[in-house]
Amino acid sequence: MRDTGRGVDGDNIDKSGKDQSWIPKIIKKRVCTTFVEDSLSNGALCQCGGERDSHGSVALGDYFSTAIVNRWDSAQHSSEYPTDAFGELQFAGASRRHSYFLRLSWDTHPSLVYGLMRNQWGLPAPNLVVSIVGGEGRTKVKTWVREVLRQGLVKASQSTGAWILTEGLREGVGRCVGEAVRDHATAASSVSLNRVVALGIAPWGLVDNKETLVNPEGSFPAKYYVQNMSRDSCCLDNNHQAFLLVDDGSVGRRGETGFRAKLEDFISHQPICGSGSIDIPVLCMLISGDAGMLERVDLSLKSSMPWLVLAGSGGLADFLSDILDNLSPATAAQSSGEGDGDASPGVDLKDKVAERVKKHFPAEKEPDKLVERALSIYQMRDFITVYHGEQEGPNDFDTVLLKTLVGASKHHASVNASPYNEELKLAVTWNRVDIAKSELFNGDIHWTYEDLKDSMTDALINDKPQFVRLFTENGLNILDYLTYGRLESLYGSVAEGTVLYHLLQRHLVERLGTAASNQEGLPSKLAAENLQIGPTTEITLFEVAKVLELLMGDICQPFYYEAFGLEDISSKSRALRRASKLLHRECSYRKDRCLSPWTSLFIWAVLQNRSEMATFFWEMAGESVLSALSGCKILREMSKLEVETENKLSMKELAQRFENLAHDMFSSCYRSNESRSFTLLIRKSTVWGGTTCLQMGMGADARLFFSHDGVQSLLSQIWWGDMKRNTDVWKFLLTFFCPVLCYTNLISFRKQEDQHQGEDEKPNEDGLGKDSDSLYGHTVFSFSDIKHIDSDEQGPPRTPTIKGRRVSYRAPKRPFIVSRWRQFWFAPVTAFLGNVVMYFLFLLLFAWVLLVDFKPPSSSGLALTEYVLYFWVFTIVCEEIREIFFLGTRTWRQRVRVYMQDVWNMCDLIAILLFIVGVICRTFTWSYGFGRDAMCVDYMVFTVRLIHIFAIHKQLGPKIIIVGKMMKDIFFFLFFLMVWLMAYGVANQALIYAYDPSLERILRRVFYRPYLHIFGQIPVEEMDVGMQWDVPCTDNMTLIESGQEPCRTLHSNWLVVILLVVYLLVTNILLINLLIAMFSSTFSEVQANSDIYWKFQRYTLVVQYHSRPSLAPPFIILSHINLFIRRVIRKVPSIKIQHFVLELKGKDANKLKTWETIQKEDFLTAQNKIQKSSDSQRLKRMSVKVDGVFKRMTESRDVDHRLRALENEMEYCSNALSWIIDTLAQGSTFKPPRPPPASRDVFLSSKST
């Protein structure tokens, strides 16, 4: 016969929805084509079970051939035809869910069927297949067997994602499994709803009402009626997801055709989805069963298929458990040898098996065949596990399943491979880290890197952080494991449909389009549009770097550019072209080790929103505070791109968790050492692209982190410079206008001895003083020294070395007059107060010019105050240019982008543009009025800009944030107001005036007048015809068109009054109160966290005024001239940009990393103690102890079984010795010197007397 479907690749089946017209061309059914008379039916039935009338003329024609045939055989007496039953199945009155069904021949190739189920039906790929054998028919299933199936098998299958193969009929075990799957699917969450698939494999001829399934075109769906659903029957079970109806041409016969065994064997050689190194484990589970299934078990065992026998379920299961439990391995070993005499050990074992065959199957006609099958099965007992479910209970059934598969895998593992590798792979697949710890990583097995690397990859891809932690603790070196190539493969495993996948694909198309354009000379965009991305196109680290650049912005330098040699290229287009050329060739960088493996894995986990995995990698990575802030930044940017609400919320929650970790971790560091914690905040990171904690926290919008006292202490120290923080504002102002007072005691300064107290101490073992722990040093906090460094062309190094020892650099002594002057004027707080005072003077000057000296252009020229105003604004423009192009180390494009992101910078830009427009227009007579208007509006913009200056105030700062958030509420309010205002205004105008073509009056009365109604300005005389209106009007159309006032309409005035009442009711009561409620909510939200909001925005103001020159406009022009000479002409680099970025190298960097690592370990230890002391953890530990006691009790039952077997052996030995004694006593050749010993019972009775 033809082997249907051989050579057909099931994976290539088209997923075309309900277009399944190809199925009859490939899948076949079987029809009996030879009538073999059944002798018991008097010629009415064929041995296939069908009636004579149901057979065709071909089957009945050859009487001679049928006469010599004694037994009907499906392979010889049936033929294949295109299947006529396939599609979807709807159970009438049972559920709305559709199942799939297919009628197929018993010799259909399994690959074809498996591909159909996976690709066409969309069944999820299994991580485990459990095939339940036995328990068929209408035999009543025992209660404890039901519990094992419900609480044990289905629950374990749900946690692993399994297929359960049954007969699929509403009887016996199949019905119990279907109900258990239904109940667990109902109680499970939506994520795991379809993790268990109940697959029914039933004989086609045995199914009731199968005629309703027949349709040569396919049924979508076929309505299937189940008769008497409360009783067992041969109808299909509605709780199964799919049915394979195996057809051998027979009718009404129950039996194994061999297709199910072939399907099991085929699936056992398929890899688990997402893990190419692990095959799908298949387990056969025997429940009850008759003697005919013994052949099925024997053949399956010969193909190394593991079996789990449910002892106590009856039938064949009890027979096999009796043989395996009561026949010891020693007896089996003896049976394989040759013995002397008639009573050999082999004969003895065979006799014992024969006795048990008679005991369990007394009605069997051919017991010798059963004995031979049983002996063959006993030789393969290593693949069989006996489960005493009635005694052990269903709670640990998943452990039993795993140990059964592991025991089988140990015996058919290859010689070169470790037998424990298969066990480890299964434990990883099922995510059972508890079994891995107790069985594999208990110290008895020495694991190497080669043993763990594949399992490590599976654990990473399938999000199993507990196994990742276990592997790293037991011999896996992450430096050897994580190469650039393996990191790319991890990114290649990102699930489709996620935000990260779409971002990677977008940048991949961009890179491939650039490569195609370089080769074909086409524009890159056109080449990218014509590009087809195939499944073999690999994601590279360049796409990952572009995604990180998109998410991180300009906070840090690009990642992974050093692997491509692009670290010195600042242009994105050049980097893209060079990377495209490099990746077009064979890349050798993939074999290199990743420079920061834990950080790279942390980024990989964060990009996929894997909470537990990312937290573990954060614990292992260095620079814990900066890493937590970076994770917060990435997640918050990803949440903005996420569309699904659930994923967006989970990203925000994880981002907040990392912000909390950064806050708590820095708290631990701050409590340990204040100076080092300050260094931690401004330390330039080599791992995170040269950024700092402060920069990353600002980019991540980490308000909670900035509210920490340590961060605020650093900002205050920088803000006040060398002056004490408790200095009153009036003292500053007085000294500002009278600078001589800075040399008095009016303002208190920190003493230099306090700054250098550690330098004069006696050096310790390392040659450092007591304050050598301060890696920051006085050169950062002493701003007079900083300005001294900035004033020199080539400043001396901060930490010079003397004979290999690092010593702190002390600035040369200056005269008191110079040093005190610098301490006062170079502090950021002085620059701030100077700008505030001068800005008020600027606004006064601007107001004076607008109100007094802003005269029309004439021959007399402009006033002196106006010239001063223009020069003042010019200095402000120069300062804005300096902030954009001469501040920071970024490229000019990045600087412009950062500048435009600030709202107040945009306000400055608008003010400057309006001022320029006003100045240009005021120089001409014809545009003088427009220029004056522009200057008036510009004055408002400059005045509003004053709000930002007071953000530094602790009380006013949060109020400014409240005002900004309330402005957003007003926009939503205005939307509702405009809808209602326009509706009322148009209707009111049309009702009062029948005809009014004046556009000016229409706009005023449709929009402006209803708006004034809200504030109580209601012209009652005009709107109510009962009131006297003194305005002259006319009804003449010509006069109205010429501009005169039209008269009011009288007949519809009652409707005008009603609309006015409704309008005022909605606007003044409903909408206004809505706005008040929105304002109250915003105020309460911000006010509750006002301290956090203020501390967060304070950082921006400190950085801004710290980077500004000491002089305020208009005197700032002197500082600008000085900077232009130094930066442009003399090419002196700026040192001031390093005040918030400290670069540590060598020993200092290592000491700081070591100290931070120790603080992180202490922090995690404290967190673990707190977690262990919680009530939930105590209950969990108590539960583990109870489980341990229960396990010991279960092991004691195993000891009882062994003792029972030992007693049987002792009884046999006692009987044998008795027989020997009796035989010798009857003989006359030997006479014993003394009588035989008395039995123990006789001895004890004589002793008692």
# chains A, B, ... in the order shown; residues from 1 in each chain; ligands from 1
>>> residues_around(residues="Asp368 (chain A)", least_positions_apart="6", cutoff="12 Å", atoms="only C-alpha atoms", output="ChimeraX atom specification")
/A:350-351,353-358,361,374-375
>>> write_last_selection(atoms="all heavy atoms", output="PDB file, in the first residue's frame")
ATOM      1  N   LYS A 350       9.648 -17.392  35.143  1.00  0.00           N
ATOM      2  CA  LYS A 350       8.546 -17.575  34.201  1.00  0.00           C
ATOM      3  C   LYS A 350       7.321 -18.123  34.899  1.00  0.00           C
ATOM      4  O   LYS A 350       6.182 -17.727  34.607  1.00  0.00           O
ATOM      5  CB  LYS A 350       9.004 -18.517  33.083  1.00  0.00           C
ATOM      6  CG  LYS A 350       8.037 -18.612  31.913  1.00  0.00           C
ATOM      7  CD  LYS A 350       8.637 -19.439  30.793  1.00  0.00           C
ATOM      8  CE  LYS A 350       7.697 -19.480  29.594  1.00  0.00           C
ATOM      9  NZ  LYS A 350       8.271 -20.253  28.477  1.00  0.00           N
ATOM     10  N   ASP A 351       7.550 -19.022  35.858  1.00  0.00           N
ATOM     11  CA  ASP A 351       6.420 -19.571  36.609  1.00  0.00           C
ATOM     12  C   ASP A 351       5.746 -18.485  37.445  1.00  0.00           C
ATOM     13  O   ASP A 351       4.509 -18.458  37.557  1.00  0.00           O
ATOM     14  CB  ASP A 351       6.892 -20.715  37.504  1.00  0.00           C
ATOM     15  CG  ASP A 351       7.360 -21.925  36.696  1.00  0.00           C
ATOM     16  OD1 ASP A 351       6.972 -21.995  35.497  1.00  0.00           O
ATOM     17  OD2 ASP A 351       8.114 -22.746  37.233  1.00  0.00           O
ATOM     18  N   VAL A 353       5.614 -15.283  36.774  1.00  0.00           N
ATOM     19  CA  VAL A 353       4.849 -14.428  35.879  1.00  0.00           C
ATOM     20  C   VAL A 353       3.576 -15.132  35.435  1.00  0.00           C
ATOM     21  O   VAL A 353       2.499 -14.522  35.355  1.00  0.00           O
ATOM     22  CB  VAL A 353       5.706 -14.017  34.671  1.00  0.00           C
ATOM     23  CG1 VAL A 353       4.870 -13.260  33.640  1.00  0.00           C
ATOM     24  CG2 VAL A 353       6.882 -13.166  35.101  1.00  0.00           C
ATOM     25  N   ALA A 354       3.685 -16.429  35.177  1.00  0.00           N
ATOM     26  CA  ALA A 354       2.506 -17.188  34.762  1.00  0.00           C
ATOM     27  C   ALA A 354       1.462 -17.217  35.869  1.00  0.00           C
ATOM     28  O   ALA A 354       0.251 -17.146  35.608  1.00  0.00           O
ATOM     29  CB  ALA A 354       2.920 -18.614  34.378  1.00  0.00           C
ATOM     30  N   GLU A 355       1.920 -17.339  37.129  1.00  0.00           N
ATOM     31  CA  GLU A 355       0.972 -17.314  38.235  1.00  0.00           C
ATOM     32  C   GLU A 355       0.223 -15.988  38.283  1.00  0.00           C
ATOM     33  O   GLU A 355      -0.988 -15.950  38.518  1.00  0.00           O
ATOM     34  CB  GLU A 355       1.708 -17.534  39.550  1.00  0.00           C
ATOM     35  CG  GLU A 355       2.263 -18.946  39.712  1.00  0.00           C
ATOM     36  CD  GLU A 355       3.035 -19.090  41.001  1.00  0.00           C
ATOM     37  OE1 GLU A 355       3.094 -18.082  41.760  1.00  0.00           O
ATOM     38  OE2 GLU A 355       3.576 -20.170  41.249  1.00  0.00           O
ATOM     39  N   ARG A 356       0.922 -14.888  38.043  1.00  0.00           N
ATOM     40  CA  ARG A 356       0.279 -13.584  38.093  1.00  0.00           C
ATOM     41  C   ARG A 356      -0.615 -13.350  36.888  1.00  0.00           C
ATOM     42  O   ARG A 356      -1.612 -12.613  36.988  1.00  0.00           O
ATOM     43  CB  ARG A 356       1.342 -12.489  38.205  1.00  0.00           C
ATOM     44  CG  ARG A 356       1.938 -12.429  39.612  1.00  0.00           C
ATOM     45  CD  ARG A 356       3.195 -11.592  39.689  1.00  0.00           C
ATOM     46  NE  ARG A 356       3.619 -11.395  41.067  1.00  0.00           N
ATOM     47  CZ  ARG A 356       4.260 -12.295  41.788  1.00  0.00           C
ATOM     48  NH1 ARG A 356       4.546 -13.475  41.256  1.00  0.00           N
ATOM     49  NH2 ARG A 356       4.600 -12.032  43.052  1.00  0.00           N
ATOM     50  N   VAL A 357      -0.303 -13.977  35.752  1.00  0.00           N
ATOM     51  CA  VAL A 357      -1.202 -13.889  34.600  1.00  0.00           C
ATOM     52  C   VAL A 357      -2.518 -14.583  34.910  1.00  0.00           C
ATOM     53  O   VAL A 357      -3.602 -14.064  34.608  1.00  0.00           O
ATOM     54  CB  VAL A 357      -0.527 -14.489  33.351  1.00  0.00           C
ATOM     55  CG1 VAL A 357      -1.535 -14.659  32.226  1.00  0.00           C
ATOM     56  CG2 VAL A 357       0.615 -13.605  32.886  1.00  0.00           C
ATOM     57  N   LYS A 358      -2.424 -15.779  35.524  1.00  0.00           N
ATOM     58  CA  LYS A 358      -3.658 -16.487  35.894  1.00  0.00           C
ATOM     59  C   LYS A 358      -4.452 -15.709  36.940  1.00  0.00           C
ATOM     60  O   LYS A 358      -5.681 -15.748  36.952  1.00  0.00           O
ATOM     61  CB  LYS A 358      -3.307 -17.867  36.426  1.00  0.00           C
ATOM     62  CG  LYS A 358      -2.721 -18.802  35.379  1.00  0.00           C
ATOM     63  CD  LYS A 358      -2.384 -20.158  35.986  1.00  0.00           C
ATOM     64  CE  LYS A 358      -1.767 -21.083  34.944  1.00  0.00           C
ATOM     65  NZ  LYS A 358      -1.426 -22.405  35.528  1.00  0.00           N
ATOM     66  N   PHE A 361      -5.690 -12.332  34.855  1.00  0.00           N
ATOM     67  CA  PHE A 361      -6.465 -12.605  33.637  1.00  0.00           C
ATOM     68  C   PHE A 361      -6.844 -14.078  33.614  1.00  0.00           C
ATOM     69  O   PHE A 361      -6.297 -14.871  32.823  1.00  0.00           O
ATOM     70  CB  PHE A 361      -5.657 -12.240  32.378  1.00  0.00           C
ATOM     71  CG  PHE A 361      -5.133 -10.826  32.387  1.00  0.00           C
ATOM     72  CD1 PHE A 361      -3.782 -10.582  32.592  1.00  0.00           C
ATOM     73  CD2 PHE A 361      -5.989  -9.763  32.187  1.00  0.00           C
ATOM     74  CE1 PHE A 361      -3.292  -9.295  32.600  1.00  0.00           C
ATOM     75  CE2 PHE A 361      -5.507  -8.468  32.189  1.00  0.00           C
ATOM     76  CZ  PHE A 361      -4.163  -8.235  32.403  1.00  0.00           C
ATOM     77  N   ALA A 374       5.021 -10.223  28.906  1.00  0.00           N
ATOM     78  CA  ALA A 374       5.329  -9.682  30.228  1.00  0.00           C
ATOM     79  C   ALA A 374       6.817  -9.772  30.526  1.00  0.00           C
ATOM     80  O   ALA A 374       7.405  -8.851  31.113  1.00  0.00           O
ATOM     81  CB  ALA A 374       4.517 -10.408  31.296  1.00  0.00           C
ATOM     82  N   LEU A 375       7.450 -10.906  30.147  1.00  0.00           N
ATOM     83  CA  LEU A 375       8.891 -11.036  30.363  1.00  0.00           C
ATOM     84  C   LEU A 375       9.672 -10.010  29.534  1.00  0.00           C
ATOM     85  O   LEU A 375      10.660  -9.446  29.988  1.00  0.00           O
ATOM     86  CB  LEU A 375       9.337 -12.455  30.015  1.00  0.00           C
ATOM     87  CG  LEU A 375       8.867 -13.560  30.968  1.00  0.00           C
ATOM     88  CD1 LEU A 375       9.254 -14.927  30.425  1.00  0.00           C
ATOM     89  CD2 LEU A 375       9.462 -13.343  32.349  1.00  0.00           C
TER      90      LEU A 375
END
>>> residues_around(residues="Pro221 (chain A)", least_positions_apart="3", cutoff="7 Å", atoms="only C-alpha atoms", output="list in words")
Gly87, Glu88, Leu89 and Gln90 of chain A
>>> write_last_selection(atoms="N, CA, C and O atoms", output="short mmCIF file (atom, residue, chain, number, x, y, z; two decimals), in the first residue's frame")
data_model
loop_
_atom_site.label_atom_id
_atom_site.label_comp_id
_atom_site.auth_asym_id
_atom_site.auth_seq_id
_atom_site.Cartn_x
_atom_site.Cartn_y
_atom_site.Cartn_z
N GLY A 87 -12.81 19.70 9.08
CA GLY A 87 -13.24 21.08 9.30
C GLY A 87 -13.40 21.38 10.78
O GLY A 87 -12.63 20.91 11.62
N GLU A 88 -14.42 22.16 11.10
CA GLU A 88 -14.68 22.58 12.47
C GLU A 88 -15.95 21.92 12.97
O GLU A 88 -16.86 21.62 12.19
N LEU A 89 -16.01 21.75 14.28
CA LEU A 89 -17.07 20.97 14.91
C LEU A 89 -17.71 21.82 16.00
O LEU A 89 -17.02 22.35 16.88
N GLN A 90 -19.03 21.96 15.92
CA GLN A 90 -19.77 22.69 16.94
C GLN A 90 -20.74 21.73 17.62
O GLN A 90 -21.60 21.14 16.97
#
>>> atom_distance(atom1="CA of His708 (chain A)", atom2="CA of Thr1100 (chain A)")
15.6 Å
>>> residues_around(residues="Glu1041 (chain A)", least_positions_apart="5", cutoff="12 Å", atoms="only C-alpha atoms", output="list in words")
Tyr995, Asp996, Pro997, Ser998, Leu999, Thr1034, Asp1035, Asn1036 and Pro1046 of chain A
>>> atom_distance(atom1="CA of Leu734 (chain A)", atom2="CA of Asp722 (chain A)")
18.3 Å
>>> closest_residue(among="A:Arg170, A:Arg296, A:Arg822, A:Arg381", to="Ile323 (chain A)", atoms="only C-alpha atoms")
A:Arg381
>>> atom_distance(atom1="CA of Gly258 (chain A)", atom2="CA of Ser300 (chain A)")
10.3 Å
>>> residues_around(residues="Phe617 (chain A)", least_positions_apart="6", cutoff="7 Å", atoms="only C-alpha atoms", output="PyMOL selection string")
chain A and resi 598+601-602
>>> closest_residue(among="A:Ser74, A:Ser321, A:Ser630, A:Ser573", to="Leu548 (chain A)", atoms="only C-alpha atoms")
A:Ser630
>>> closest_residue(among="A:Ser313, A:Ile949, A:Ile747, A:Leu452", to="Phe840 (chain A)", atoms="only C-alpha atoms")
A:Ile949
>>> residues_around(residues="Leu490 (chain A)", least_positions_apart="6", cutoff="9 Å", atoms="only C-alpha atoms", output="list in words")
Thr457, Leu460, Ile461 and Trp604 of chain A
>>> closest_residue(among="A:Ala185, A:Tyr993, A:Arg882, A:Ala579", to="Gly565 (chain A)", atoms="only C-alpha atoms")
A:Ala579
>>> residues_around(residues="region 42-51 of chain A", least_positions_apart="6", cutoff="7 Å", atoms="only C-alpha atoms", output="CSV table (one decimal) with C-alpha atoms, in the first residue's frame")
chain,number,residue,atom,x,y,z
A,35,PHE,CA,-16.7,-8.6,1.9
A,36,VAL,CA,-15.3,-11.3,4.3
A,72,TRP,CA,-10.3,-9.6,7.5
A,249,GLY,CA,-12.4,0.6,7.1
A,250,SER,CA,-14.1,-1.2,10.1
A,251,VAL,CA,-17.4,-0.3,11.8
A,252,GLY,CA,-18.0,-0.5,15.5
>>> closest_residue(among="A:Val643, A:Ala628, A:Ala1205, A:Val282", to="Ala662 (chain A)", atoms="only C-alpha atoms")
A:Ala628
>>> select_by_dssp(residues="region 942-1041 of chain A", states="helix (DSSP H, G or I)", output="VMD selection string")
chain A and resid 942 to 944 946 to 952 956 to 992 999 to 1013 1020 to 1023 1037 to 1041
>>> closest_residue(among="A:Asn905, A:Ser627, A:Asn239, A:Ser455", to="Thr691 (chain A)", atoms="only C-alpha atoms")
A:Ser627
